[in-house]
file run23.csv (CSV, C-alpha atoms)
chain,number,residue,atom,x,y,z
B,256,MET,CA,-13.6,-18.4,-3.0
B,257,ALA,CA,-9.9,-19.1,-3.4
B,258,GLY,CA,-7.5,-17.7,-0.7
B,259,PRO,CA,-5.6,-14.5,-1.2
B,260,HIS,CA,-2.9,-14.4,-3.8
B,261,ARG,CA,0.4,-15.0,-2.1
B,262,VAL,CA,3.2,-12.5,-2.7
B,263,VAL,CA,6.6,-13.3,-1.3
B,264,VAL,CA,9.1,-10.5,-1.1
B,265,LEU,CA,12.8,-11.6,-1.4
B,266,VAL,CA,14.9,-9.4,0.9
B,267,LEU,CA,18.6,-9.4,-0.1
B,268,PRO,CA,21.5,-7.9,1.7
B,269,GLU,CA,21.9,-4.1,1.3
B,270,VAL,CA,18.2,-3.8,0.4
B,271,ILE,CA,16.8,-0.3,0.0
B,272,PRO,CA,14.1,0.1,2.8
B,273,PHE,CA,11.8,2.3,0.7
B,274,GLU,CA,11.6,-0.2,-2.1
B,275,LEU,CA,11.2,-3.1,0.4
B,276,SER,CA,8.1,-1.5,1.8
B,277,ILE,CA,6.3,-0.9,-1.5
B,278,PRO,CA,4.8,-4.4,-2.0
B,279,HIS,CA,3.6,-4.6,1.6
B,280,ARG,CA,1.9,-1.2,1.3
B,281,ILE,CA,0.3,-1.7,-2.1
B,282,PHE,CA,-0.7,-5.3,-2.1
B,283,GLY,CA,-1.5,-5.2,1.6
B,284,ARG,CA,-4.1,-2.5,0.9
B,285,ALA,CA,-5.9,-4.2,-1.9
B,286,THR,CA,-9.2,-5.6,-0.7
B,287,THR,CA,-12.6,-6.5,-1.9
B,288,PRO,CA,-15.4,-4.0,-1.3
B,289,ALA,CA,-16.2,-6.0,1.8
B,290,GLY,CA,-12.7,-5.4,3.1
B,291,GLU,CA,-11.4,-8.9,2.5
B,292,PRO,CA,-7.7,-9.0,1.6
B,293,LEU,CA,-6.9,-10.0,-1.9
B,294,TYR,CA,-3.2,-10.6,-1.3
B,295,GLU,CA,-1.1,-12.2,1.5
B,296,VAL,CA,2.3,-10.6,1.6
B,297,VAL,CA,5.3,-12.2,3.4
B,298,SER,CA,9.0,-11.6,3.3
B,299,CYS,CA,11.9,-14.0,3.2
B,300,THR,CA,15.7,-13.9,3.0
B,301,PRO,CA,18.5,-16.4,2.3
B,302,VAL,CA,19.7,-16.3,6.0
B,303,PRO,CA,16.8,-15.4,8.4
B,304,GLY,CA,17.7,-12.8,11.0
B,305,PRO,CA,19.1,-9.3,10.7
B,306,VAL,CA,19.5,-8.1,7.1
B,307,GLY,CA,21.6,-5.1,6.3
B,308,THR,CA,20.1,-2.2,4.4
B,309,THR,CA,21.4,1.0,2.7
B,310,ALA,CA,20.1,3.0,5.7
B,311,ASP,CA,21.6,3.1,9.2
B,312,PHE,CA,19.5,0.2,10.4
B,313,ASP,CA,18.9,-3.5,9.7
B,314,VAL,CA,15.6,-5.3,9.1
B,315,HIS,CA,14.8,-8.5,10.9
B,316,VAL,CA,13.4,-11.1,8.5
B,317,THR,CA,12.2,-14.4,10.2
B,318,ARG,CA,11.3,-16.4,7.1
B,319,GLY,CA,13.8,-18.3,4.9
B,320,VAL,CA,13.8,-19.0,1.1
B,321,GLU,CA,11.5,-22.0,1.5
B,322,GLU,CA,8.7,-19.4,1.3
B,323,LEU,CA,9.6,-18.9,-2.4
B,324,ALA,CA,8.1,-22.3,-3.3
B,325,THR,CA,4.8,-21.2,-1.9
B,326,ALA,CA,4.6,-17.9,-3.9
B,327,ASP,CA,2.1,-17.0,-6.6
B,328,THR,CA,4.2,-13.8,-7.2
B,329,VAL,CA,7.8,-13.1,-6.1
B,330,VAL,CA,8.9,-9.5,-5.8
B,331,VAL,CA,12.6,-8.6,-5.7
B,332,PRO,CA,13.2,-5.0,-4.4
B,333,ALA,CA,16.4,-3.1,-5.1
B,334,ALA,CA,19.5,-4.1,-3.3
B,335,TYR,CA,23.1,-3.1,-3.8
B,336,HIS,CA,25.0,-6.4,-4.1
B,337,PRO,CA,28.5,-5.5,-5.5
B,338,ALA,CA,28.9,-8.9,-7.2
B,339,VAL,CA,25.7,-8.4,-9.2
B,340,LEU,CA,25.8,-4.6,-9.9
B,341,TYR,CA,29.5,-3.9,-10.3
B,342,ALA,CA,31.3,-7.1,-11.2
B,343,GLU,CA,30.3,-9.5,-14.0
B,344,GLY,CA,26.6,-9.5,-13.6
B,345,ARG,CA,26.5,-13.0,-12.2
B,346,LEU,CA,24.7,-14.4,-9.3
B,347,PRO,CA,27.0,-15.5,-6.4
B,348,ALA,CA,26.6,-19.2,-5.6
B,349,GLU,CA,24.4,-18.6,-2.5
B,350,LEU,CA,21.9,-16.7,-4.6
B,351,THR,CA,21.8,-19.2,-7.5
B,352,ASP,CA,20.1,-21.7,-5.1
B,353,VAL,CA,17.8,-19.0,-3.9
B,354,PHE,CA,16.4,-18.3,-7.4
B,355,ALA,CA,16.3,-22.0,-8.1
B,356,ALA,CA,13.8,-22.3,-5.3
B,357,ILE,CA,11.2,-20.3,-7.2
B,358,ARG,CA,8.6,-22.6,-8.8
B,359,PRO,CA,8.4,-22.6,-12.6
B,360,GLY,CA,5.5,-20.5,-13.8
B,361,THR,CA,5.6,-18.2,-10.7
B,362,ARG,CA,5.1,-14.5,-11.6
B,363,ILE,CA,8.3,-12.5,-10.8
B,364,ALA,CA,8.6,-8.8,-10.5
B,365,SER,CA,11.5,-6.5,-9.7
B,366,ILE,CA,11.7,-3.0,-8.3
B,367,CYS,CA,14.5,-0.6,-9.4
B,368,THR,CA,17.9,-2.4,-9.5
B,369,GLY,CA,16.2,-5.6,-8.4
B,370,SER,CA,16.1,-6.2,-12.2
B,371,PHE,CA,19.9,-6.9,-12.0
B,372,PHE,CA,19.2,-10.0,-10.0
B,373,LEU,CA,16.5,-11.2,-12.4
B,374,ALA,CA,18.9,-10.6,-15.3
B,375,ALA,CA,21.8,-12.3,-13.6
B,376,ALA,CA,19.6,-15.3,-13.0
B,377,GLY,CA,18.9,-15.5,-16.7
B,378,LEU,CA,15.2,-14.6,-16.3
B,379,LEU,CA,15.3,-11.6,-18.7
B,380,ASP,CA,17.3,-13.0,-21.6
B,381,GLY,CA,15.5,-12.0,-24.8
B,382,ARG,CA,12.9,-10.1,-22.9
B,383,PRO,CA,12.1,-6.4,-22.6
B,384,ALA,CA,12.9,-4.9,-19.2
B,385,THR,CA,13.8,-1.7,-17.5
B,386,THR,CA,15.6,-0.4,-14.4
B,387,HIS,CA,16.5,2.9,-12.8
B,388,TRP,CA,17.5,5.4,-15.5
B,389,GLY,CA,20.8,6.0,-13.8
B,390,TRP,CA,21.7,2.3,-14.2
B,391,THR,CA,20.3,1.5,-17.7
B,392,ASP,CA,23.7,1.8,-19.5
B,393,ARG,CA,25.3,-0.5,-17.0
B,394,PHE,CA,22.4,-2.8,-17.1
B,395,GLN,CA,22.6,-3.1,-20.9
B,396,GLN,CA,26.4,-3.5,-20.7
B,397,LEU,CA,26.2,-6.4,-18.3
B,398,PHE,CA,23.2,-8.1,-19.9
B,399,PRO,CA,23.3,-7.6,-23.7
B,400,ALA,CA,20.7,-10.3,-24.2
B,401,VAL,CA,18.1,-8.1,-22.4
B,402,ARG,CA,16.0,-5.6,-24.4
B,403,VAL,CA,16.4,-2.6,-22.1
B,404,ASP,CA,13.9,0.2,-22.4
B,405,PRO,CA,15.2,3.2,-20.4
B,406,ASN,CA,12.2,5.4,-21.0
B,407,VAL,CA,9.3,3.6,-19.3
B,408,LEU,CA,8.2,3.4,-15.6
B,409,TYR,CA,7.7,-0.4,-15.8
B,410,VAL,CA,7.6,-3.3,-18.3
B,411,ASP,CA,5.0,-6.0,-18.1
B,412,ASP,CA,6.1,-9.1,-20.1
B,413,GLY,CA,3.5,-11.4,-18.8
B,414,ASP,CA,5.1,-13.6,-16.1
B,415,VAL,CA,8.1,-11.3,-15.6
B,416,LEU,CA,7.7,-7.6,-14.8
B,417,THR,CA,10.4,-4.9,-14.1
B,418,SER,CA,10.1,-1.4,-12.9
B,419,ALA,CA,12.2,1.7,-13.0
B,420,GLY,CA,13.7,3.4,-10.0
B,421,VAL,CA,12.2,3.9,-6.5
B,422,ALA,CA,8.6,5.2,-6.7
B,423,ALA,CA,8.1,3.4,-10.1
B,424,GLY,CA,7.8,0.3,-7.9
B,425,ILE,CA,4.5,1.8,-6.7
B,426,ASP,CA,3.3,2.2,-10.3
B,427,LEU,CA,4.3,-1.4,-11.0
B,428,CYS,CA,2.5,-2.8,-8.0
B,429,VAL,CA,-0.7,-0.8,-8.7
B,430,HIS,CA,-0.5,-2.1,-12.3
B,431,ILE,CA,-0.3,-5.7,-11.0
B,432,VAL,CA,-3.4,-5.1,-8.9
B,433,ARG,CA,-5.2,-3.7,-11.9
B,434,ARG,CA,-4.2,-6.7,-14.0
B,435,ASP,CA,-5.4,-9.1,-11.3
B,436,HIS,CA,-8.6,-7.4,-10.2
B,437,GLY,CA,-9.5,-4.5,-12.6
B,438,ALA,CA,-9.5,-0.7,-12.5
B,439,ALA,CA,-11.9,-0.2,-9.6
B,440,VAL,CA,-9.8,-2.2,-7.1
B,441,ALA,CA,-6.6,-0.7,-8.3
B,442,ASN,CA,-7.9,2.8,-8.1
B,443,GLU,CA,-9.2,2.3,-4.6
B,444,THR,CA,-5.9,0.7,-3.5
B,445,ALA,CA,-4.0,3.7,-4.9
B,446,ARG,CA,-6.4,6.1,-3.2
B,447,LYS,CA,-5.8,4.4,0.2
B,448,SER,CA,-2.1,4.9,-0.3
B,449,VAL,CA,-2.5,8.5,-1.6
B,450,VAL,CA,-0.8,7.8,-4.8
B,451,PRO,CA,-2.0,8.2,-8.4
B,452,PRO,CA,-3.5,5.0,-10.0
B,453,HIS,CA,-1.6,5.8,-13.1
B,454,ARG,CA,1.3,8.2,-13.9
B,455,ASP,CA,1.7,9.7,-17.4
B,456,GLY,CA,4.9,9.6,-19.3
B,457,GLY,CA,8.0,7.6,-18.5
B,458,GLN,CA,11.4,8.0,-16.9
B,459,ALA,CA,12.4,10.8,-19.3
B,460,GLN,CA,10.5,13.3,-17.2
B,461,TYR,CA,12.8,12.6,-14.2
B,462,ILE,CA,16.2,12.7,-15.9
B,463,SER,CA,18.5,15.7,-15.2
B,464,ARG,CA,15.7,18.3,-15.0
B,465,PRO,CA,16.0,21.3,-12.8
B,466,VAL,CA,13.3,21.7,-10.1
B,467,PRO,CA,10.9,24.5,-11.3
B,468,GLU,CA,11.0,27.6,-9.2
B,469,ALA,CA,8.1,27.8,-6.8
B,470,GLN,CA,6.8,31.0,-8.2
B,471,LEU,CA,6.5,29.6,-11.8
B,472,ALA,CA,3.1,28.6,-13.0
B,473,THR,CA,2.4,25.0,-13.6
B,474,THR,CA,-0.1,23.2,-15.9
B,475,SER,CA,-1.9,21.3,-13.1
B,476,ALA,CA,-5.1,23.4,-13.2
B,477,ALA,CA,-5.4,22.8,-16.9
B,478,ARG,CA,-5.1,19.1,-16.4
B,479,ALA,CA,-7.7,19.1,-13.7
B,480,TRP,CA,-10.0,21.2,-15.9
B,481,ALA,CA,-9.5,18.8,-18.8
B,482,LEU,CA,-10.2,15.7,-16.7
B,483,GLU,CA,-13.7,17.1,-15.9
B,484,ARG,CA,-14.4,17.5,-19.7
B,485,LEU,CA,-12.9,14.4,-21.4
B,486,HIS,CA,-16.3,13.8,-23.0
B,487,GLU,CA,-16.1,17.2,-24.7
B,488,PRO,CA,-13.8,18.5,-27.4
B,489,VAL,CA,-10.8,20.0,-25.7
B,490,GLN,CA,-8.5,22.2,-27.7
B,491,LEU,CA,-5.0,23.2,-27.0
B,492,ARG,CA,-5.9,26.8,-26.8
B,493,ASP,CA,-8.6,26.0,-24.2
B,494,LEU,CA,-5.9,24.3,-22.0
B,495,ALA,CA,-3.5,27.2,-22.4
B,496,GLU,CA,-6.3,29.7,-21.4
B,497,GLN,CA,-6.8,27.9,-18.1
B,498,GLU,CA,-3.2,28.8,-17.2
B,499,ALA,CA,-3.3,32.3,-18.9
B,500,MET,CA,-0.4,31.2,-21.1
B,501,SER,CA,0.3,31.4,-24.8
B,502,VAL,CA,-0.1,28.1,-26.6
B,503,ARG,CA,3.6,27.9,-27.2
B,504,THR,CA,4.5,28.5,-23.6
B,505,PHE,CA,1.9,26.1,-22.3
B,506,THR,CA,3.0,23.4,-24.6
B,507,ARG,CA,6.6,23.7,-23.6
B,508,ARG,CA,5.7,23.8,-19.9
B,509,PHE,CA,3.3,20.9,-20.2
B,510,ARG,CA,5.9,18.7,-21.8
B,511,GLU,CA,8.5,19.7,-19.1
B,512,GLU,CA,6.1,18.7,-16.3
B,513,VAL,CA,4.4,15.7,-17.7
B,514,GLY,CA,6.9,14.2,-20.2
B,515,VAL,CA,4.4,14.1,-23.2
B,516,SER,CA,2.6,16.6,-25.3
B,517,PRO,CA,-0.9,17.9,-24.3
B,518,GLY,CA,-2.4,15.9,-27.1
B,519,GLN,CA,-0.7,12.7,-26.1
B,520,TRP,CA,-1.8,13.2,-22.5
B,521,LEU,CA,-5.4,13.8,-23.5
B,522,THR,CA,-5.4,10.6,-25.5
B,523,GLN,CA,-3.9,8.7,-22.6
B,524,GLN,CA,-6.6,10.0,-20.2
B,525,ARG,CA,-9.3,9.1,-22.7
B,526,VAL,CA,-8.0,5.6,-23.0
B,527,GLU,CA,-7.9,5.3,-19.3
B,528,ARG,CA,-11.5,6.6,-19.0
B,529,ALA,CA,-12.6,4.1,-21.7
B,530,ARG,CA,-10.9,1.3,-19.8
B,531,GLN,CA,-12.7,2.1,-16.6
B,532,LEU,CA,-16.1,2.3,-18.3
B,533,LEU,CA,-15.5,-0.9,-20.2
B,534,GLU,CA,-14.6,-2.7,-17.0
B,535,SER,CA,-17.2,-1.3,-14.6
B,536,THR,CA,-20.3,-0.4,-16.7
B,537,ASP,CA,-22.7,-2.0,-19.1
B,538,LEU,CA,-22.6,1.0,-21.5
B,539,SER,CA,-22.4,0.1,-25.2
B,540,VAL,CA,-19.1,0.6,-27.0
B,541,ASP,CA,-20.7,3.6,-28.8
B,542,ARG,CA,-21.6,5.2,-25.5
B,543,VAL,CA,-18.3,4.5,-23.9
B,544,ALA,CA,-16.6,6.1,-26.9
B,545,ARG,CA,-18.7,9.2,-26.5
B,546,ALA,CA,-18.2,9.4,-22.7
B,547,ALA,CA,-14.5,9.0,-23.0
B,548,GLY,CA,-14.3,11.8,-25.7
B,549,PHE,CA,-13.4,9.7,-28.7
B,550,GLY,CA,-16.7,10.5,-30.5
B,551,THR,CA,-17.1,7.3,-32.4
B,552,ALA,CA,-16.6,3.6,-31.6
B,553,GLN,CA,-14.2,3.4,-34.6
B,554,SER,CA,-12.0,6.1,-33.2
B,555,MET,CA,-11.9,4.5,-29.7
B,556,ARG,CA,-11.2,1.1,-31.3
B,557,SER,CA,-8.2,2.6,-33.1
B,558,HIS,CA,-6.8,4.3,-30.0
B,559,LEU,CA,-7.3,1.2,-27.8
B,560,GLN,CA,-5.7,-1.0,-30.4
B,561,ALA,CA,-2.7,1.3,-30.5
B,562,ALA,CA,-2.4,1.7,-26.7
B,563,LEU,CA,-3.3,-1.7,-25.5
B,564,GLY,CA,-3.2,-4.0,-28.5
B,565,VAL,CA,-6.8,-5.1,-28.1
B,566,SER,CA,-10.3,-4.1,-29.3
B,567,PRO,CA,-12.8,-2.5,-26.8
B,568,THR,CA,-14.9,-5.7,-26.9
B,569,ALA,CA,-11.9,-8.0,-26.3
B,570,TYR,CA,-10.7,-5.7,-23.4
B,571,ARG,CA,-14.1,-5.7,-21.8
B,572,ARG,CA,-14.4,-9.5,-22.1
B,573,THR,CA,-11.0,-10.0,-20.4
B,574,PHE,CA,-11.3,-7.4,-17.7
B,575,ARG,CA,-15.0,-7.6,-16.9
B,576,SER,CA,-14.4,-11.3,-16.1
B,577,VAL,CA,-11.6,-10.3,-13.8
B,578,ALA,CA,-13.4,-7.4,-12.1
B,579,HIS,CA,-16.9,-8.8,-12.4
B,580,PRO,CA,-17.6,-9.1,-8.6
B,581,TYR,CA,-16.9,-5.4,-8.1
B,582,ALA,CA,-18.4,-4.0,-11.3
B,583,TYR,CA,-21.6,-2.1,-11.3
B,584,SER,CA,-24.4,-1.8,-13.8
B,585,SER,CA,-25.4,1.3,-15.6
B,586,ARG,CA,-29.0,0.2,-15.9

call {"tool": "encode", "arguments": {"input": "run23.csv", "output": "structure tokens"}}
result
Amino acid sequence: MAGPHRVVVLVLPEVIPFELSIPHRIFGRATTPAGEPLYEVVSCTPVPGPVGTTADFDVHVTRGVEELATADTVVVPAAYHPAVLYAEGRLPAELTDVFAAIRPGTRIASICTGSFFLAAAGLLDGRPATTHWGWTDRFQQLFPAVRVDPNVLYVDDGDVLTSAGVAAGIDLCVHIVRRDHGAAVANETARKSVVPPHRDGGQAQYISRPVPEAQLATTSAARAWALERLHEPVQLRDLAEQEAMSVRTFTRRFREEVGVSPGQWLTQQRVERARQLLESTDLSVDRVARAAGFGTAQSMRSHLQAALGVSPTAYRRTFRSVAHPYAYSSR
């Protein structure tokens, strides 16, 4: 068996400590069922030693940028470098050499405003990308060649991935674990870190919205109820009844909390259930379609094609080969 996938985290001056910790926490917790680590995570910085952060403490990084040449994946957490974020969006000379040290073909990911560094290095030209919603206008202004999507939690463009702000870095790292090792490993990794394996909606649900008053009802009970019944027909009125709301009030409250309509959310959950079953069981496509609540294989095929761009058979062929050592049989 090959050694663990090597993740090198590039720590830049004025790094945000929360974002810096995310790759270590998520990738560091991804293991095989036998407890063997799937990733080796190390940090490096241009000048080893104390590195300033946005908090009232420094972090001490002992490894230098020579580590970048050993990486399978490089992660760039958010850092507030004025020359990159506020000036002309160009890398200062000392960082140009840093990014040049990354081997061609290495997967590169950014968290929050880490995307500014990728863009300034020319790695995002002509590509889709995202960043924290509060910085998307500035991002697009500085880097007009980047196709900025301000609404998503992360963008996966193959060998280059970007995430939105702060906790969206968790979503991105869990996604990478899923991409590398399948749903079962990603779900267990998320469970160990007490985070959801997948969040619904995009950044829109976090932009300029007042915090609901504590006494107001939410739609969480209805969502939990629906997740237990994805294989059954679930009507909007059934969901509203779980919260003792009118359909109109429930629909408005649901969209405020989740960022999508109840119907869109149900489809997302059924796609997710289908993905898990295709990866981890031997169920036929027809049985997966019924178990996920799509009813027919044709309906599931249409929804997976729309959501993932692949057929159920193609998805299973790709991800069963990735997750095969951890898959279980339904026989």

call {"tool": "atom_distance", "arguments": {"input": "run23.csv", "atom1": "CA of Gly307 (chain B)", "atom2": "CA of Ala445 (chain B)"}}
result
29.3 Å

call {"tool": "closest_residue", "arguments": {"input": "run23.csv", "among": "B:Val401, B:Ala476, B:Val526, B:Ile366", "to": "Leu378 (chain B)", "atoms": "only C-alpha atoms"}}
result
B:Val401

call {"tool": "atom_distance", "arguments": {"input": "run23.csv", "atom1": "CA of Arg528 (chain B)", "atom2": "CA of Ala438 (chain B)"}}
result
10.0 Å

call {"tool": "residues_around", "arguments": {"input": "run23.csv", "residues": "Trp390 (chain B)", "least_positions_apart": "6", "cutoff": "12 Å", "atoms": "only C-alpha atoms", "output": "list in words"}}
result
Ala333, Tyr335, Leu340, Tyr341, Cys367, Thr368, Gly369, Ser370, Phe371, Gln396, Leu397, Phe398, Val403, Asp404, Pro405, Ala419, Gly420 and Ile462 of chain B

call {"tool": "atom_distance", "arguments": {"input": "run23.csv", "atom1": "CA of Ile425 (chain B)", "atom2": "CA of Ile277 (chain B)"}}
result
6.1 Å

call {"tool": "residues_around", "arguments": {"input": "run23.csv", "residues": "Thr473 (chain B)", "least_positions_apart": "3", "cutoff": "12 Å", "atoms": "only C-alpha atoms", "output": "ChimeraX atom specification"}}
result
/B:466-470,476-479,494-495,497-500,504-513

call {"tool": "residues_around", "arguments": {"input": "run23.csv", "residues": "Asp414 (chain B)", "least_positions_apart": "3", "cutoff": "10 Å", "atoms": "all atoms listed in the file", "output": "PyMOL selection string"}}
result
chain B and resi 328+360-364+411

call {"tool": "write_last_selection", "arguments": {"input": "run23.csv", "atoms": "C-alpha atoms", "output": "CSV table (one decimal), keeping the file's coordinate frame"}}
result
chain,number,residue,atom,x,y,z
B,328,THR,CA,4.2,-13.8,-7.2
B,360,GLY,CA,5.5,-20.5,-13.8
B,361,THR,CA,5.6,-18.2,-10.7
B,362,ARG,CA,5.1,-14.5,-11.6
B,363,ILE,CA,8.3,-12.5,-10.8
B,364,ALA,CA,8.6,-8.8,-10.5
B,411,ASP,CA,5.0,-6.0,-18.1

call {"tool": "closest_residue", "arguments": {"input": "run23.csv", "among": "B:Arg572, B:Arg525, B:Arg318, B:Arg382", "to": "Leu485 (chain B)", "atoms": "all atoms listed in the file"}}
result
B:Arg525

call {"tool": "residues_around", "arguments": {"input": "run23.csv", "residues": "region 273-276 of chain B", "least_positions_apart": "3", "cutoff": "7 Å", "atoms": "all atoms listed in the file", "output": "number ranges by chain"}}
result
B: 279-280, 332-333, 366, 421, 424

call {"tool": "residues_around", "arguments": {"input": "run23.csv", "residues": "Val264 (chain B)", "least_positions_apart": "3", "cutoff": "8 Å", "atoms": "only C-alpha atoms", "output": "JSON list (two decimals) with C-alpha atoms, in the frame of the given file"}}
result
[["chain", "number", "residue", "atom", "x", "y", "z"],
["B", 275, "LEU", "CA", 11.20, -3.10, 0.40],
["B", 278, "PRO", "CA", 4.80, -4.40, -2.00],
["B", 296, "VAL", "CA", 2.30, -10.60, 1.60],
["B", 297, "VAL", "CA", 5.30, -12.20, 3.40],
["B", 298, "SER", "CA", 9.00, -11.60, 3.30],
["B", 299, "CYS", "CA", 11.90, -14.00, 3.20],
["B", 329, "VAL", "CA", 7.80, -13.10, -6.10],
["B", 330, "VAL", "CA", 8.90, -9.50, -5.80],
["B", 331, "VAL", "CA", 12.60, -8.60, -5.70],
["B", 332, "PRO", "CA", 13.20, -5.00, -4.40]]

call {"tool": "closest_residue", "arguments": {"input": "run23.csv", "among": "B:Asp412, B:Glu487, B:Glu443, B:Glu321", "to": "Ala547 (chain B)", "atoms": "all atoms listed in the file"}}
result
B:Glu487

call {"tool": "closest_residue", "arguments": {"input": "run23.csv", "among": "B:Glu534, B:Thr308, B:Arg571, B:Arg542", "to": "Val440 (chain B)", "atoms": "all atoms listed in the file"}}
result
B:Glu534

call {"tool": "closest_residue", "arguments": {"input": "run23.csv", "among": "B:Ala324, B:Ala374, B:Ala310, B:Pro359", "to": "Glu343 (chain B)", "atoms": "only C-alpha atoms"}}
result
B:Ala374
